[in-house]
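**Q** Attaching a single structure in structure tokens format; questions to follow.
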Amino acid sequence: MASAREEACRRIFGYTIVNDITARDLQARHSQWFLGKALDSSWPMGPWIVTADEIDAAALRVRCWVNDELRQQADTRVLRAEAGARSVFRIG
């Protein structure tokens, strides 16, 4: 019998990218932090999905450029929980 993690990994269709944008000016004016993240354009996503069989999600380099300047870079190997472990909570 498969573990919950293995079952979660088996059910993952694919992966995409999301840019979590915060309006710091709104966030600073309110005690509720989510107001700076609740704008319609604060979570752009995609535009593609890569199917799970096309990549090894445990070994990806993620980089972010702003105005042609590299601002952040990391590797999915350093995530606190890999995709299958995070997905276990979504299986009902």
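FYI, nothing fancy with the structure tokens labels: chains A, B, ... in order, residues from 1 per chain, ligands from 1 as they appear.
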Please identify all polymer residues within 10 Å of Leu60 (chain A), counting only C-alpha atoms, omitting same-chain residues fewer than 5 positions from it, and present them as a list of chain:residue names.
**A**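 Contacts, in chain order: A:Ile55, A:Ala74, A:Asp75, A:Thr76, A:Arg77.
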**Q** Restricted to C-alpha atoms, what would the selected residues look like written as a PDB file, in the first residue's frame?
**A**
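Resulting contents of out_24.pdb:
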ATOM      1  CA  ILE A  55      10.675  17.441 -14.905  1.00  0.00           C
ATOM      2  CA  ALA A  74      17.269  29.144  -4.954  1.00  0.00           C
ATOM      3  CA  ASP A  75      17.010  25.442  -5.621  1.00  0.00           C
ATOM      4  CA  THR A  76      13.955  23.298  -4.899  1.00  0.00           C
ATOM      5  CA  ARG A  77      16.244  20.885  -3.037  1.00  0.00           C
TER       6      ARG A  77
END
**Q** Write out as a PyMOL selection string which residues come within 12 Å of Arg24 (chain A) when counting only C-alpha atoms, dropping same-chain ones fewer than 5 positions away.
**A** chain A and resi 29-30+32-39+42
**Q** Which residues are near Asp20 (chain A)? Cut-off 7 Å, only C-alpha atoms, ignore same chain within fewer than 2 positions. Put them as an MDAnalysis selection string.
**A** chainID A and resid 18 22 42:43
**Q** Please measure the separation of CA of Val78 (chain A) and CA of Arg61 (chain A), giving the value in Å to one decimal.
**A**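 Distance between the two atoms: 10.2 Å.
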**Q** Taking the DSSP assignment computed from this structure's backbone, write out as a list in words all residues of region 3-78 of chain A that belong to strand (DSSP E).
**A**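 Restricting region 3-78 of chain A to strand (DSSP E) produces Gly14, Tyr15, Val50, Thr51, Arg61, Val62, Arg63, Cys64, Trp65, Val66, Glu69, Leu70, Arg71, Gln72, Gln73, Ala74 and Asp75 of chain A.
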**Q** Go ahead and save the picked residues with N, CA, C and O atoms, as a PDB file, in the first residue's frame.
**A**
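result20.pdb was written with the following content:
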ATOM      1  N   GLY A  14       0.978  18.504 -12.634  1.00  0.00           N
ATOM      2  CA  GLY A  14       2.096  19.281 -13.142  1.00  0.00           C
ATOM      3  C   GLY A  14       2.410  20.459 -12.253  1.00  0.00           C
ATOM      4  O   GLY A  14       1.875  20.596 -11.154  1.00  0.00           O
ATOM      5  N   TYR A  15       3.261  21.315 -12.765  1.00  0.00           N
ATOM      6  CA  TYR A  15       3.774  22.448 -11.999  1.00  0.00           C
ATOM      7  C   TYR A  15       3.690  23.720 -12.831  1.00  0.00           C
ATOM      8  O   TYR A  15       3.774  23.688 -14.054  1.00  0.00           O
ATOM      9  N   VAL A  50       3.884  22.576 -16.658  1.00  0.00           N
ATOM     10  CA  VAL A  50       4.779  21.503 -17.089  1.00  0.00           C
ATOM     11  C   VAL A  50       4.286  20.243 -16.393  1.00  0.00           C
ATOM     12  O   VAL A  50       4.138  20.220 -15.178  1.00  0.00           O
ATOM     13  N   THR A  51       4.012  19.198 -17.158  1.00  0.00           N
ATOM     14  CA  THR A  51       3.490  17.982 -16.543  1.00  0.00           C
ATOM     15  C   THR A  51       4.559  17.315 -15.671  1.00  0.00           C
ATOM     16  O   THR A  51       5.758  17.455 -15.909  1.00  0.00           O
ATOM     17  N   ARG A  61      16.153  24.894 -10.385  1.00  0.00           N
ATOM     18  CA  ARG A  61      16.702  26.183  -9.975  1.00  0.00           C
ATOM     19  C   ARG A  61      15.644  27.242 -10.268  1.00  0.00           C
ATOM     20  O   ARG A  61      15.103  27.307 -11.366  1.00  0.00           O
ATOM     21  N   VAL A  62      15.338  28.064  -9.269  1.00  0.00           N
ATOM     22  CA  VAL A  62      14.332  29.111  -9.403  1.00  0.00           C
ATOM     23  C   VAL A  62      15.040  30.454  -9.262  1.00  0.00           C
ATOM     24  O   VAL A  62      15.778  30.676  -8.297  1.00  0.00           O
ATOM     25  N   ARG A  63      14.824  31.327 -10.244  1.00  0.00           N
ATOM     26  CA  ARG A  63      15.475  32.642 -10.226  1.00  0.00           C
ATOM     27  C   ARG A  63      14.465  33.736 -10.510  1.00  0.00           C
ATOM     28  O   ARG A  63      13.499  33.514 -11.233  1.00  0.00           O
ATOM     29  N   CYS A  64      14.707  34.914  -9.963  1.00  0.00           N
ATOM     30  CA  CYS A  64      13.833  36.066 -10.177  1.00  0.00           C
ATOM     31  C   CYS A  64      14.682  37.272 -10.568  1.00  0.00           C
ATOM     32  O   CYS A  64      15.628  37.631  -9.859  1.00  0.00           O
ATOM     33  N   TRP A  65      14.324  37.856 -11.712  1.00  0.00           N
ATOM     34  CA  TRP A  65      14.988  39.070 -12.163  1.00  0.00           C
ATOM     35  C   TRP A  65      14.018  40.244 -12.062  1.00  0.00           C
ATOM     36  O   TRP A  65      12.829  40.097 -12.344  1.00  0.00           O
ATOM     37  N   VAL A  66      14.542  41.404 -11.696  1.00  0.00           N
ATOM     38  CA  VAL A  66      13.772  42.646 -11.708  1.00  0.00           C
ATOM     39  C   VAL A  66      14.590  43.655 -12.500  1.00  0.00           C
ATOM     40  O   VAL A  66      15.737  43.939 -12.147  1.00  0.00           O
ATOM     41  N   GLU A  69      18.028  42.602 -13.405  1.00  0.00           N
ATOM     42  CA  GLU A  69      18.936  42.356 -12.273  1.00  0.00           C
ATOM     43  C   GLU A  69      18.459  41.121 -11.517  1.00  0.00           C
ATOM     44  O   GLU A  69      17.299  41.048 -11.098  1.00  0.00           O
ATOM     45  N   LEU A  70      19.354  40.135 -11.334  1.00  0.00           N
ATOM     46  CA  LEU A  70      19.009  38.939 -10.582  1.00  0.00           C
ATOM     47  C   LEU A  70      18.845  39.319  -9.109  1.00  0.00           C
ATOM     48  O   LEU A  70      19.767  39.835  -8.486  1.00  0.00           O
ATOM     49  N   ARG A  71      17.643  39.109  -8.569  1.00  0.00           N
ATOM     50  CA  ARG A  71      17.353  39.495  -7.177  1.00  0.00           C
ATOM     51  C   ARG A  71      17.284  38.299  -6.239  1.00  0.00           C
ATOM     52  O   ARG A  71      17.599  38.426  -5.071  1.00  0.00           O
ATOM     53  N   GLN A  72      16.809  37.160  -6.741  1.00  0.00           N
ATOM     54  CA  GLN A  72      16.688  35.972  -5.898  1.00  0.00           C
ATOM     55  C   GLN A  72      17.017  34.746  -6.721  1.00  0.00           C
ATOM     56  O   GLN A  72      16.737  34.703  -7.911  1.00  0.00           O
ATOM     57  N   GLN A  73      17.587  33.752  -6.040  1.00  0.00           N
ATOM     58  CA  GLN A  73      17.785  32.459  -6.675  1.00  0.00           C
ATOM     59  C   GLN A  73      17.847  31.398  -5.586  1.00  0.00           C
ATOM     60  O   GLN A  73      18.319  31.648  -4.489  1.00  0.00           O
ATOM     61  N   ALA A  74      17.302  30.250  -5.900  1.00  0.00           N
ATOM     62  CA  ALA A  74      17.269  29.144  -4.954  1.00  0.00           C
ATOM     63  C   ALA A  74      17.108  27.849  -5.728  1.00  0.00           C
ATOM     64  O   ALA A  74      16.927  27.855  -6.939  1.00  0.00           O
ATOM     65  N   ASP A  75      17.161  26.759  -5.033  1.00  0.00           N
ATOM     66  CA  ASP A  75      17.010  25.442  -5.621  1.00  0.00           C
ATOM     67  C   ASP A  75      15.904  24.723  -4.863  1.00  0.00           C
ATOM     68  O   ASP A  75      15.805  24.835  -3.645  1.00  0.00           O
TER      69      ASP A  75
END
**Q** DSSP on the backbone, alpha helix (DSSP H) only: what residues of chain A does that give? Format it as JSON, numbers by chain.
**A** {"A": [4, 5, 6, 7, 8, 9, 10, 11, 24, 25, 26, 27, 28, 29, 83, 84, 85, 86, 87]}
**Q** How many Å lie between CA of Thr16 (chain A) and CA of Ser3 (chain A), rounded to one decimal?
**A**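 Separating CA of Thr16 (chain A) from CA of Ser3 (chain A) is a distance of 24.8 Å.
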